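Below you'll find the structure, written out as structure tokens, and then a few comments.
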Amino acid sequence: MDMASRNDSAPLGGDDYTRIAQAIGFLRDRQAQQPSLGDLARHLGLSEAYTQRLFSRWAGISPKRFLQFLSVESAKRRMRETGDLLGVALGAGLSGPGRLHDLFVNMEAMTPGEFRRAAAGVKLYHGCAETPFGAAQVVYSGRGICRLAFVGESAAAASSAELAESWPGARLQHDAAGSAALLARVFTHPPTAADRGLSLWVGGSNFQIQVWRALLRVPFGGLLSYRQLAHLVGRPAAARAVGSAVARNPIAYLIPCHRVLRETGDFGSYHWGEDRKRAICVWEAAGGIAAAGDRAGR
């Protein structure tokens with residue numbers, strides 16, 4: 001029995017993202033050659049049928065469509081569309097992030113000093129679980145999510161010692177089941193009404209908070225350039241400072257810094273890995289199309 005046959009008999013499960021990440025690297029490096037389904041399947045050591053099912057399960061699209069979403073032309077088009085959408089909405093007075101963000105995320109923010117004082121004595125729950133983009137760690141209290149980070153294959157990044165250093169004075173409690181349930185709710189694809197109302201509780205400088213709030217206005221599946229984001233916060237000449245604030249984002253995915261690309265349409269850097277950024281953006285784009293189709297069918 002060859003490798004492809006053995007993998008075809010395996011269930012589609014927790015290792016989906018590992019294979020997707022391998023596929024992204026392959027497709028990214030060979031976009032100019034437009035690799036076929038067979039080329040990709042051979043690279044992954046899978047059959048063509050299994051590769052097709054893997055993508056359909058993970059994102060709801062074919063590898064060919066996935067490759068199209070990775071293109072610079074697709075990214076530029078989505079940045080234009082997102083900019084137009086935000087311009088119309090904000091011009092109509094719909095400036096509240098809840099009206100523009102599909103997850104309806106609410107954020108309570110304060111300065112780092114205020115946040116540390118407020119967190120003293122507070123019980124913080126934490127844990128790791130698998131997501132569509134690999135393992136992630138979440139830290140949360142009764143007031144909201146304080147941290148969400150992708151941690152790769154090692155759970156060492158989720159150690160209590162690191163958390164104690166970040167939140168001195170807080171009472172830490174590991175909660176594997178609660179963390180898994182919360183992460184499952186975060187990564188609903190596409191987001192539904194039942195999964196709205198998530199709350200964030202974060203600390204940052206006034207400018208960082210301004211940028212993070214602006215990111216909450218970027219719709220699910222949308223993309224912006226750093227320049228567009230700088231305009232959105234009313235600081236058109238501060239694209240570099242905006243980029244620094246984006247890089248300091250403590251809440252992966254929910255504060256969607258992955259939706260900010262370079263002006264050229266290149267996906268650019270990402271704290272948790274460039275290929276993971278590509279994966280999230282394509283996953284969201286596919287989910288947005290699925291949601292639009294569902295709405296049209298109703």
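Residues in the structure tokens are named by chain (A, B, ... in the order shown) and by number from 1 within that chain; ligands are numbered from 1 in the order shown.
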DSSP on the backbone, then: every residue of segment 60-248 of chain A marked helix (DSSP H, G or I), written as a PDB file with C-alpha atoms, in the first residue's frame.
ATOM      1  CA  PRO A  63      -7.018  23.946  -3.940  1.00  0.00           C
ATOM      2  CA  LYS A  64      -7.378  25.809  -7.256  1.00  0.00           C
ATOM      3  CA  ARG A  65      -9.625  28.433  -5.660  1.00  0.00           C
ATOM      4  CA  PHE A  66      -7.292  28.557  -2.676  1.00  0.00           C
ATOM      5  CA  LEU A  67      -4.389  29.387  -4.985  1.00  0.00           C
ATOM      6  CA  GLN A  68      -6.393  32.229  -6.517  1.00  0.00           C
ATOM      7  CA  PHE A  69      -6.951  33.766  -3.072  1.00  0.00           C
ATOM      8  CA  VAL A  72      -1.444  39.583  -5.250  1.00  0.00           C
ATOM      9  CA  GLU A  73      -4.254  40.563  -7.623  1.00  0.00           C
ATOM     10  CA  SER A  74      -6.851  39.013  -5.326  1.00  0.00           C
ATOM     11  CA  ALA A  75      -5.377  40.760  -2.283  1.00  0.00           C
ATOM     12  CA  LYS A  76      -5.349  44.150  -3.978  1.00  0.00           C
ATOM     13  CA  ARG A  77      -8.946  43.751  -5.114  1.00  0.00           C
ATOM     14  CA  ARG A  78     -10.090  42.845  -1.608  1.00  0.00           C
ATOM     15  CA  MET A  79      -8.214  45.830  -0.130  1.00  0.00           C
ATOM     16  CA  ARG A  80     -10.023  48.139  -2.551  1.00  0.00           C
ATOM     17  CA  GLU A  81     -13.391  46.564  -1.774  1.00  0.00           C
ATOM     18  CA  THR A  82     -12.821  46.730   1.983  1.00  0.00           C
ATOM     19  CA  GLY A  83     -11.709  50.366   1.761  1.00  0.00           C
ATOM     20  CA  ASP A  84     -14.827  51.239  -0.225  1.00  0.00           C
ATOM     21  CA  LEU A  85     -17.060  49.385   2.239  1.00  0.00           C
ATOM     22  CA  LEU A  86     -15.557  51.132   5.260  1.00  0.00           C
ATOM     23  CA  GLY A  87     -15.724  54.504   3.523  1.00  0.00           C
ATOM     24  CA  VAL A  88     -19.434  54.125   2.778  1.00  0.00           C
ATOM     25  CA  ALA A  89     -20.275  52.804   6.241  1.00  0.00           C
ATOM     26  CA  LEU A  90     -18.306  55.453   8.113  1.00  0.00           C
ATOM     27  CA  GLY A  91     -19.663  58.175   5.852  1.00  0.00           C
ATOM     28  CA  PRO A  97     -17.156  48.740  15.596  1.00  0.00           C
ATOM     29  CA  GLY A  98     -20.133  46.544  16.458  1.00  0.00           C
ATOM     30  CA  ARG A  99     -21.893  47.640  13.253  1.00  0.00           C
ATOM     31  CA  LEU A 100     -18.927  46.713  11.082  1.00  0.00           C
ATOM     32  CA  PRO A 112      -0.881  49.118  30.839  1.00  0.00           C
ATOM     33  CA  GLY A 113      -0.583  50.473  34.389  1.00  0.00           C
ATOM     34  CA  GLU A 114      -4.336  50.576  34.879  1.00  0.00           C
ATOM     35  CA  PHE A 115      -4.640  47.099  33.439  1.00  0.00           C
ATOM     36  CA  ARG A 116      -2.008  45.618  35.776  1.00  0.00           C
ATOM     37  CA  ARG A 117      -3.667  47.214  38.805  1.00  0.00           C
ATOM     38  CA  ALA A 118      -7.090  46.017  37.709  1.00  0.00           C
ATOM     39  CA  ALA A 119      -5.777  42.489  37.113  1.00  0.00           C
ATOM     40  CA  ALA A 155       2.531  23.821  24.986  1.00  0.00           C
ATOM     41  CA  ALA A 156       5.586  25.221  26.776  1.00  0.00           C
ATOM     42  CA  ALA A 157       4.592  28.722  25.647  1.00  0.00           C
ATOM     43  CA  ALA A 158       1.493  28.384  27.797  1.00  0.00           C
ATOM     44  CA  SER A 160       2.053  29.411  34.249  1.00  0.00           C
ATOM     45  CA  ALA A 161       5.435  31.047  34.903  1.00  0.00           C
ATOM     46  CA  GLU A 162       5.159  33.159  31.739  1.00  0.00           C
ATOM     47  CA  LEU A 163       1.601  34.127  32.559  1.00  0.00           C
ATOM     48  CA  ALA A 164       2.552  35.080  36.115  1.00  0.00           C
ATOM     49  CA  GLU A 165       5.220  37.406  34.725  1.00  0.00           C
ATOM     50  CA  SER A 166       2.695  39.029  32.397  1.00  0.00           C
ATOM     51  CA  ALA A 176      -8.605  23.046  29.612  1.00  0.00           C
ATOM     52  CA  ALA A 177     -12.304  22.434  28.970  1.00  0.00           C
ATOM     53  CA  GLY A 178     -13.328  26.087  29.261  1.00  0.00           C
ATOM     54  CA  SER A 179     -10.471  27.230  27.045  1.00  0.00           C
ATOM     55  CA  ALA A 180     -11.311  24.661  24.369  1.00  0.00           C
ATOM     56  CA  ALA A 181     -14.966  25.710  24.383  1.00  0.00           C
ATOM     57  CA  LEU A 182     -14.065  29.390  24.124  1.00  0.00           C
ATOM     58  CA  LEU A 183     -11.615  28.823  21.269  1.00  0.00           C
ATOM     59  CA  ALA A 184     -14.202  26.740  19.415  1.00  0.00           C
ATOM     60  CA  ARG A 185     -16.596  29.669  19.708  1.00  0.00           C
ATOM     61  CA  VAL A 186     -13.951  32.150  18.506  1.00  0.00           C
ATOM     62  CA  ALA A 193     -25.256  35.223  15.451  1.00  0.00           C
ATOM     63  CA  ALA A 194     -24.892  32.669  18.249  1.00  0.00           C
ATOM     64  CA  ASP A 195     -21.170  33.385  18.450  1.00  0.00           C
ATOM     65  CA  ASN A 206      -3.793  55.301  23.784  1.00  0.00           C
ATOM     66  CA  PHE A 207      -2.505  55.037  20.208  1.00  0.00           C
ATOM     67  CA  GLN A 208      -2.337  51.231  20.296  1.00  0.00           C
ATOM     68  CA  ILE A 209      -5.909  51.081  21.559  1.00  0.00           C
ATOM     69  CA  GLN A 210      -6.999  53.459  18.803  1.00  0.00           C
ATOM     70  CA  VAL A 211      -5.438  51.170  16.184  1.00  0.00           C
ATOM     71  CA  TRP A 212      -6.884  48.008  17.742  1.00  0.00           C
ATOM     72  CA  ARG A 213     -10.362  49.549  17.796  1.00  0.00           C
ATOM     73  CA  ALA A 214      -9.980  50.458  14.138  1.00  0.00           C
ATOM     74  CA  LEU A 215      -9.048  46.858  13.341  1.00  0.00           C
ATOM     75  CA  TYR A 226      -1.222  49.874   6.493  1.00  0.00           C
ATOM     76  CA  ARG A 227      -1.860  53.158   4.701  1.00  0.00           C
ATOM     77  CA  GLN A 228      -5.613  52.527   4.645  1.00  0.00           C
ATOM     78  CA  LEU A 229      -5.554  51.643   8.337  1.00  0.00           C
ATOM     79  CA  ALA A 230      -3.629  54.848   9.114  1.00  0.00           C
ATOM     80  CA  HIS A 231      -6.378  56.814   7.334  1.00  0.00           C
ATOM     81  CA  LEU A 232      -9.007  54.908   9.296  1.00  0.00           C
ATOM     82  CA  ALA A 239       1.577  54.201   8.669  1.00  0.00           C
ATOM     83  CA  ARG A 240       4.838  53.104  10.325  1.00  0.00           C
ATOM     84  CA  ALA A 241       3.515  53.833  13.836  1.00  0.00           C
ATOM     85  CA  VAL A 242       0.299  52.020  12.925  1.00  0.00           C
ATOM     86  CA  GLY A 243       2.392  49.012  11.888  1.00  0.00           C
ATOM     87  CA  SER A 244       4.108  49.007  15.287  1.00  0.00           C
ATOM     88  CA  ALA A 245       0.752  49.093  17.073  1.00  0.00           C
ATOM     89  CA  VAL A 246      -0.499  46.243  14.891  1.00  0.00           C
ATOM     90  CA  ALA A 247       2.573  44.193  15.845  1.00  0.00           C
TER      91      ALA A 247
END
Subject >> Shell of 8 Å around Arg143 of chain A, only C-alpha atoms, local chain residues under 5 positions omitted, as a PyMOL selection string >> reply: chain A and resi 199-201
Subject >> Selection near segment 14-29 of chain A, 8 Å with only C-alpha atoms, sequence-local residues under 5 positions removed, as an MDAnalysis selection string >> reply: chainID A and resid 34:35 40 43:44 54:55 58 67 70 130 132:134 275:276 278:279
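Across the model, the gap from atom CA of Gly60 of chain A to atom CA of Leu37 of chain A is 15.7 Å.
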Subject >> Residue set, segment 106-200 of chain A restricted to strand (DSSP E), as a ChimeraX atom specification >> reply: /A:106-110,123-131,134-141,144-150,171-174,199-200
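A straight line drawn from atom CA of Gly144 of chain A to atom CA of Thr111 of chain A is 16.0 Å long.
Note that the spacing between atom CA of Trp272 of chain A and atom CA of Cys128 of chain A amounts to 15.3 Å.
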Report as a PDB file with N, CA and C atoms, in the first residue's frame all protein, DNA and RNA residues lying within 8 Å of Arg171 of chain A, evaluated on only C-alpha atoms, omitting residues in the same chain fewer than 5 positions from it.
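Once everything was written out, this is selection35.pdb:
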ATOM      1  N   ALA A 120      -4.747  42.732  39.324  1.00  0.00           N
ATOM      2  CA  ALA A 120      -4.228  42.223  40.598  1.00  0.00           C
ATOM      3  C   ALA A 120      -5.361  41.571  41.392  1.00  0.00           C
ATOM      4  N   GLY A 121      -5.174  40.318  41.734  1.00  0.00           N
ATOM      5  CA  GLY A 121      -6.171  39.589  42.501  1.00  0.00           C
ATOM      6  C   GLY A 121      -7.283  38.971  41.681  1.00  0.00           C
ATOM      7  N   VAL A 122      -7.342  39.305  40.390  1.00  0.00           N
ATOM      8  CA  VAL A 122      -8.380  38.749  39.514  1.00  0.00           C
ATOM      9  C   VAL A 122      -8.028  37.317  39.129  1.00  0.00           C
ATOM     10  N   LYS A 123      -9.006  36.461  39.056  1.00  0.00           N
ATOM     11  CA  LYS A 123      -8.768  35.094  38.607  1.00  0.00           C
ATOM     12  C   LYS A 123      -8.718  35.069  37.085  1.00  0.00           C
ATOM     13  N   LEU A 124      -7.599  34.592  36.551  1.00  0.00           N
ATOM     14  CA  LEU A 124      -7.425  34.451  35.111  1.00  0.00           C
ATOM     15  C   LEU A 124      -7.393  32.973  34.754  1.00  0.00           C
TER      16      LEU A 124
END
